[in-house]
Amino acid sequence: MSQPVIALYSVRKSYQDVPVLDIPHLELPTGIYWLQGENGAGKTTCMKVTAGLIPFKGEIRLQGTVSSQEHPVQFRRLINYAEAEPFYPAFLTGRDLLELYLNTKGGDRHLIGEIAERMGVHIFVNNPVSTYSSGMLKKLSLLLAFTGNPAVILLDEPLITIDTRTLAILYDLVRTWHAKGVSFLITSHQPLDPEEITLTGTLRVADKNITLN
Ligand SMILES: Nc1ncnc2c1ncn2[C@@H]1O[C@H](COP(=O)(O)OP(=O)(O)OP(=O)(O)O)[C@@H](O)[C@H]1O
């Protein structure tokens, strides 16, 4: 097997001493994965842990060498996360957020501008996020997930609230970025369209553990 893009070692997460995740070992080769599980199973927690956004016990390695414990800054630069229900400070504009992400994560500014135009984000990007509809917020959060030079992009319920035109653009982005070597973990209660993307595998979150099928 090629070098895993993500490897989890003894990853455990509890909220106020209530255990939610207990994953002894999981290795994922580069690919597109559908993260499935019932409500409350721990999918979002798994994404936040994998993105290095919340504390957990154990270790995650990206691309074999970049450790969540030893190289936290490098680790977070390699992984992007789009929340299921994005929330941003109301007074910021989409452009403020985009500039913040581009300045901290880097990446191809021109390419992000192109994606913004394709998604129609450029129309409202100068307005405060307090004026955005839920679909507009979702589009902005998806756009931000493509900033920088990520090895892994985590998309939490990306299909909710976006229109069919944006959905087609998102599927195209996942395909083309995966062809460039980027891996995706996608949670969705609705099945992902097999005519749009070919899944590498399905990850099932149950009983605090994750299994790959
Ligand atoms: N901040 C928190 N504090 C305490 N408990 C939490 C917190 N966030 C999540 N939990 C608990 O952790 C468990 C897993 O929640 P999580 O949001 O990861 O599930 P999920 O699989 O994403 O669910 P859904 O499909 O409903 O979005 C649930 O029992 C939830 O109540």
# chains A, B, ... in the order shown; residues from 1 in each chain; ligands from 1
>>> select_by_dssp(residues="segment 31-169 of chain A", states="strand (DSSP E or B)", output="JSON, numbers by chain")
{"A": [32, 33, 34, 35, 36, 57, 58, 59, 60, 61, 62, 66, 67, 79, 80, 81, 82, 93, 128, 152, 153, 154, 155, 156]}
>>> residues_near_ligand(ligand="ligand 1", cutoff="10 Å", atoms="only C-alpha atoms and all ligand atoms", output="ChimeraX atom specification")
/A:13-21,35-49,54,84-85,156-157,187-189,205-206,208
>>> residues_around(residues="Val182 of chain A", least_positions_apart="4", cutoff="10 Å", atoms="only C-alpha atoms", output="number ranges by chain")
A: 5, 30-32, 78-79, 149-153, 174-178
>>> select_by_dssp(residues="segment 20-169 of chain A", states="alpha helix (DSSP H)", output="mmCIF file with N, CA and C atoms, in the first residue's frame")
data_model
loop_
_atom_site.group_PDB
_atom_site.id
_atom_site.type_symbol
_atom_site.label_atom_id
_atom_site.label_comp_id
_atom_site.auth_asym_id
_atom_site.auth_seq_id
_atom_site.Cartn_x
_atom_site.Cartn_y
_atom_site.Cartn_z
ATOM 1 N N LYS A 43 -19.311 12.012 13.699
ATOM 2 C CA LYS A 43 -18.694 12.406 12.411
ATOM 3 C C LYS A 43 -18.064 13.804 12.490
ATOM 4 N N THR A 44 -18.845 14.768 12.988
ATOM 5 C CA THR A 44 -18.310 16.138 13.071
ATOM 6 C C THR A 44 -17.136 16.186 14.042
ATOM 7 N N THR A 45 -17.262 15.461 15.158
ATOM 8 C CA THR A 45 -16.156 15.414 16.117
ATOM 9 C C THR A 45 -14.916 14.845 15.442
ATOM 10 N N CYS A 46 -15.100 13.793 14.663
ATOM 11 C CA CYS A 46 -13.977 13.186 13.951
ATOM 12 C C CYS A 46 -13.319 14.201 13.016
ATOM 13 N N MET A 47 -14.142 14.986 12.324
ATOM 14 C CA MET A 47 -13.588 15.989 11.404
ATOM 15 C C MET A 47 -12.827 17.076 12.167
ATOM 16 N N LYS A 48 -13.399 17.542 13.273
ATOM 17 C CA LYS A 48 -12.740 18.607 14.037
ATOM 18 C C LYS A 48 -11.418 18.114 14.635
ATOM 19 N N VAL A 49 -11.416 16.848 15.074
ATOM 20 C CA VAL A 49 -10.185 16.248 15.599
ATOM 21 C C VAL A 49 -9.160 16.134 14.466
ATOM 22 N N THR A 50 -9.605 15.626 13.326
ATOM 23 C CA THR A 50 -8.681 15.419 12.199
ATOM 24 C C THR A 50 -8.138 16.745 11.673
ATOM 25 N N PRO A 72 2.214 20.961 14.842
ATOM 26 C CA PRO A 72 0.813 21.405 14.754
ATOM 27 C C PRO A 72 0.550 22.467 13.685
ATOM 28 N N VAL A 73 1.513 23.361 13.459
ATOM 29 C CA VAL A 73 1.280 24.435 12.478
ATOM 30 C C VAL A 73 1.291 23.860 11.063
ATOM 31 N N GLN A 74 2.334 23.069 10.776
ATOM 32 C CA GLN A 74 2.440 22.424 9.457
ATOM 33 C C GLN A 74 1.223 21.513 9.223
ATOM 34 N N PHE A 75 0.816 20.826 10.290
ATOM 35 C CA PHE A 75 -0.334 19.913 10.225
ATOM 36 C C PHE A 75 -1.580 20.670 9.771
ATOM 37 N N ARG A 76 -1.841 21.814 10.428
ATOM 38 C CA ARG A 76 -3.071 22.557 10.109
ATOM 39 C C ARG A 76 -3.020 23.200 8.728
ATOM 40 N N ARG A 77 -1.817 23.425 8.228
ATOM 41 C CA ARG A 77 -1.705 23.988 6.865
ATOM 42 C C ARG A 77 -2.037 22.951 5.804
ATOM 43 N N GLY A 94 -17.225 38.679 3.382
ATOM 44 C CA GLY A 94 -16.644 37.482 2.774
ATOM 45 C C GLY A 94 -15.210 37.751 2.329
ATOM 46 N N ARG A 95 -14.983 38.968 1.817
ATOM 47 C CA ARG A 95 -13.627 39.300 1.350
ATOM 48 C C ARG A 95 -12.634 39.347 2.511
ATOM 49 N N ASP A 96 -13.082 39.881 3.674
ATOM 50 C CA ASP A 96 -12.193 39.889 4.855
ATOM 51 C C ASP A 96 -11.734 38.459 5.166
ATOM 52 N N LEU A 97 -12.692 37.540 5.149
ATOM 53 C CA LEU A 97 -12.373 36.148 5.483
ATOM 54 C C LEU A 97 -11.474 35.524 4.428
ATOM 55 N N LEU A 98 -11.801 35.810 3.176
ATOM 56 C CA LEU A 98 -11.009 35.264 2.069
ATOM 57 C C LEU A 98 -9.561 35.757 2.159
ATOM 58 N N GLU A 99 -9.392 37.051 2.441
ATOM 59 C CA GLU A 99 -8.038 37.621 2.560
ATOM 60 C C GLU A 99 -7.299 36.979 3.741
ATOM 61 N N LEU A 100 -8.029 36.797 4.856
ATOM 62 C CA LEU A 100 -7.419 36.178 6.035
ATOM 63 C C LEU A 100 -6.908 34.775 5.693
ATOM 64 N N TYR A 101 -7.756 33.994 5.034
ATOM 65 C CA TYR A 101 -7.369 32.628 4.669
ATOM 66 C C TYR A 101 -6.218 32.636 3.663
ATOM 67 N N LEU A 102 -6.308 33.512 2.651
ATOM 68 C CA LEU A 102 -5.259 33.535 1.616
ATOM 69 C C LEU A 102 -3.930 33.989 2.225
ATOM 70 N N ASN A 103 -3.993 34.934 3.167
ATOM 71 C CA ASN A 103 -2.757 35.422 3.787
ATOM 72 C C ASN A 103 -2.147 34.403 4.741
ATOM 73 N N THR A 104 -2.989 33.613 5.411
ATOM 74 C CA THR A 104 -2.428 32.642 6.370
ATOM 75 C C THR A 104 -2.121 31.307 5.700
ATOM 76 N N LYS A 105 -2.972 30.891 4.763
ATOM 77 C CA LYS A 105 -2.776 29.569 4.157
ATOM 78 C C LYS A 105 -2.033 29.621 2.829
ATOM 79 N N ARG A 109 -4.076 32.520 -5.495
ATOM 80 C CA ARG A 109 -5.092 33.577 -5.373
ATOM 81 C C ARG A 109 -5.981 33.643 -6.629
ATOM 82 N N HIS A 110 -5.342 33.517 -7.785
ATOM 83 C CA HIS A 110 -6.063 33.624 -9.051
ATOM 84 C C HIS A 110 -7.093 32.482 -9.175
ATOM 85 N N LEU A 111 -6.643 31.289 -8.810
ATOM 86 C CA LEU A 111 -7.513 30.111 -8.882
ATOM 87 C C LEU A 111 -8.725 30.269 -7.960
ATOM 88 N N ILE A 112 -8.474 30.776 -6.751
ATOM 89 C CA ILE A 112 -9.577 30.977 -5.796
ATOM 90 C C ILE A 112 -10.552 32.030 -6.345
ATOM 91 N N GLY A 113 -10.005 33.054 -6.995
ATOM 92 C CA GLY A 113 -10.857 34.064 -7.629
ATOM 93 C C GLY A 113 -11.746 33.437 -8.699
ATOM 94 N N GLU A 114 -11.173 32.521 -9.450
ATOM 95 C CA GLU A 114 -11.951 31.826 -10.496
ATOM 96 C C GLU A 114 -13.069 30.982 -9.896
ATOM 97 N N ILE A 115 -12.731 30.259 -8.805
ATOM 98 C CA ILE A 115 -13.753 29.412 -8.156
ATOM 99 C C ILE A 115 -14.860 30.301 -7.582
ATOM 100 N N ALA A 116 -14.461 31.438 -6.999
ATOM 101 C CA ALA A 116 -15.446 32.380 -6.434
ATOM 102 C C ALA A 116 -16.412 32.829 -7.529
ATOM 103 N N GLU A 117 -15.869 33.111 -8.717
ATOM 104 C CA GLU A 117 -16.739 33.553 -9.830
ATOM 105 C C GLU A 117 -17.652 32.434 -10.286
ATOM 106 N N ARG A 118 -17.105 31.218 -10.387
ATOM 107 C CA ARG A 118 -17.932 30.074 -10.820
ATOM 108 C C ARG A 118 -19.084 29.844 -9.849
ATOM 109 N N MET A 119 -18.792 29.989 -8.550
ATOM 110 C CA MET A 119 -19.833 29.755 -7.532
ATOM 111 C C MET A 119 -20.762 30.954 -7.357
ATOM 112 N N SER A 134 -28.318 31.207 4.231
ATOM 113 C CA SER A 134 -27.560 30.014 4.640
ATOM 114 C C SER A 134 -26.789 29.419 3.459
ATOM 115 N N GLY A 135 -27.389 29.487 2.256
ATOM 116 C CA GLY A 135 -26.695 28.968 1.068
ATOM 117 C C GLY A 135 -25.469 29.807 0.718
ATOM 118 N N MET A 136 -25.583 31.122 0.878
ATOM 119 C CA MET A 136 -24.435 32.012 0.594
ATOM 120 C C MET A 136 -23.299 31.748 1.580
ATOM 121 N N LEU A 137 -23.662 31.557 2.862
ATOM 122 C CA LEU A 137 -22.648 31.233 3.878
ATOM 123 C C LEU A 137 -21.952 29.920 3.542
ATOM 124 N N LYS A 138 -22.768 28.967 3.091
ATOM 125 C CA LYS A 138 -22.222 27.638 2.759
ATOM 126 C C LYS A 138 -21.257 27.743 1.587
ATOM 127 N N LYS A 139 -21.638 28.518 0.576
ATOM 128 C CA LYS A 139 -20.763 28.687 -0.589
ATOM 129 C C LYS A 139 -19.436 29.311 -0.168
ATOM 130 N N LEU A 140 -19.507 30.329 0.705
ATOM 131 C CA LEU A 140 -18.275 30.979 1.178
ATOM 132 C C LEU A 140 -17.401 29.970 1.918
ATOM 133 N N SER A 141 -18.014 29.164 2.793
ATOM 134 C CA SER A 141 -17.217 28.203 3.579
ATOM 135 C C SER A 141 -16.593 27.144 2.667
ATOM 136 N N LEU A 142 -17.320 26.742 1.620
ATOM 137 C CA LEU A 142 -16.753 25.765 0.673
ATOM 138 C C LEU A 142 -15.579 26.384 -0.082
ATOM 139 N N LEU A 143 -15.754 27.644 -0.495
ATOM 140 C CA LEU A 143 -14.657 28.339 -1.192
ATOM 141 C C LEU A 143 -13.416 28.409 -0.297
ATOM 142 N N LEU A 144 -13.604 28.767 0.985
ATOM 143 C CA LEU A 144 -12.476 28.891 1.922
ATOM 144 C C LEU A 144 -11.756 27.545 2.094
ATOM 145 N N THR A 164 -28.496 23.425 -7.080
ATOM 146 C CA THR A 164 -28.011 22.341 -7.950
ATOM 147 C C THR A 164 -26.817 22.787 -8.814
ATOM 148 N N ARG A 165 -26.801 24.064 -9.202
ATOM 149 C CA ARG A 165 -25.681 24.563 -10.021
ATOM 150 C C ARG A 165 -24.385 24.542 -9.197
ATOM 151 N N THR A 166 -24.473 24.973 -7.946
ATOM 152 C CA THR A 166 -23.288 24.975 -7.069
ATOM 153 C C THR A 166 -22.866 23.538 -6.757
ATOM 154 N N LEU A 167 -23.853 22.660 -6.616
ATOM 155 C CA LEU A 167 -23.538 21.251 -6.342
ATOM 156 C C LEU A 167 -22.705 20.663 -7.481
ATOM 157 N N ALA A 168 -23.097 20.966 -8.723
ATOM 158 C CA ALA A 168 -22.345 20.468 -9.881
ATOM 159 C C ALA A 168 -20.916 21.015 -9.868
ATOM 160 N N ILE A 169 -20.772 22.290 -9.491
ATOM 161 C CA ILE A 169 -19.431 22.907 -9.418
ATOM 162 C C ILE A 169 -18.609 22.225 -8.319
#
>>> closest_residue(among="A:Thr147, A:Thr202, A:Ser10, A:Thr65", to="Gly107 of chain A", atoms="only C-alpha atoms")
A:Thr147
>>> closest_residue(among="A:Phe146, A:Tyr33, A:Tyr132, A:Phe56", to="Arg12 of chain A", atoms="only C-alpha atoms")
A:Phe56
>>> closest_residue(among="A:Val129, A:Ile162, A:Val121, A:Ile6", to="Ser67 of chain A", atoms="only C-alpha atoms")
A:Ile6
>>> atom_distance(atom1="atom CA of Leu92 of chain A", atom2="atom CA of Leu53 of chain A")
21.2 Å
>>> atom_distance(atom1="atom CA of Asn126 of chain A", atom2="atom CA of Thr93 of chain A")
5.6 Å
>>> closest_residue(among="A:Pro86, A:Gly64, A:Pro55, A:Pro158", to="Leu8 of chain A", atoms="only C-alpha atoms")
A:Gly64
>>> atom_distance(atom1="atom CA of Asp172 of chain A", atom2="atom CA of Leu192 of chain A")
12.8 Å
>>> closest_residue(among="A:Gln190, A:Glu196, A:Ser68, A:Leu155", to="Tyr171 of chain A", atoms="only C-alpha atoms")
A:Glu196
>>> closest_residue(among="A:Ala179, A:Asn80, A:Pro89, A:Val11", to="Arg61 of chain A", atoms="only C-alpha atoms")
A:Val11
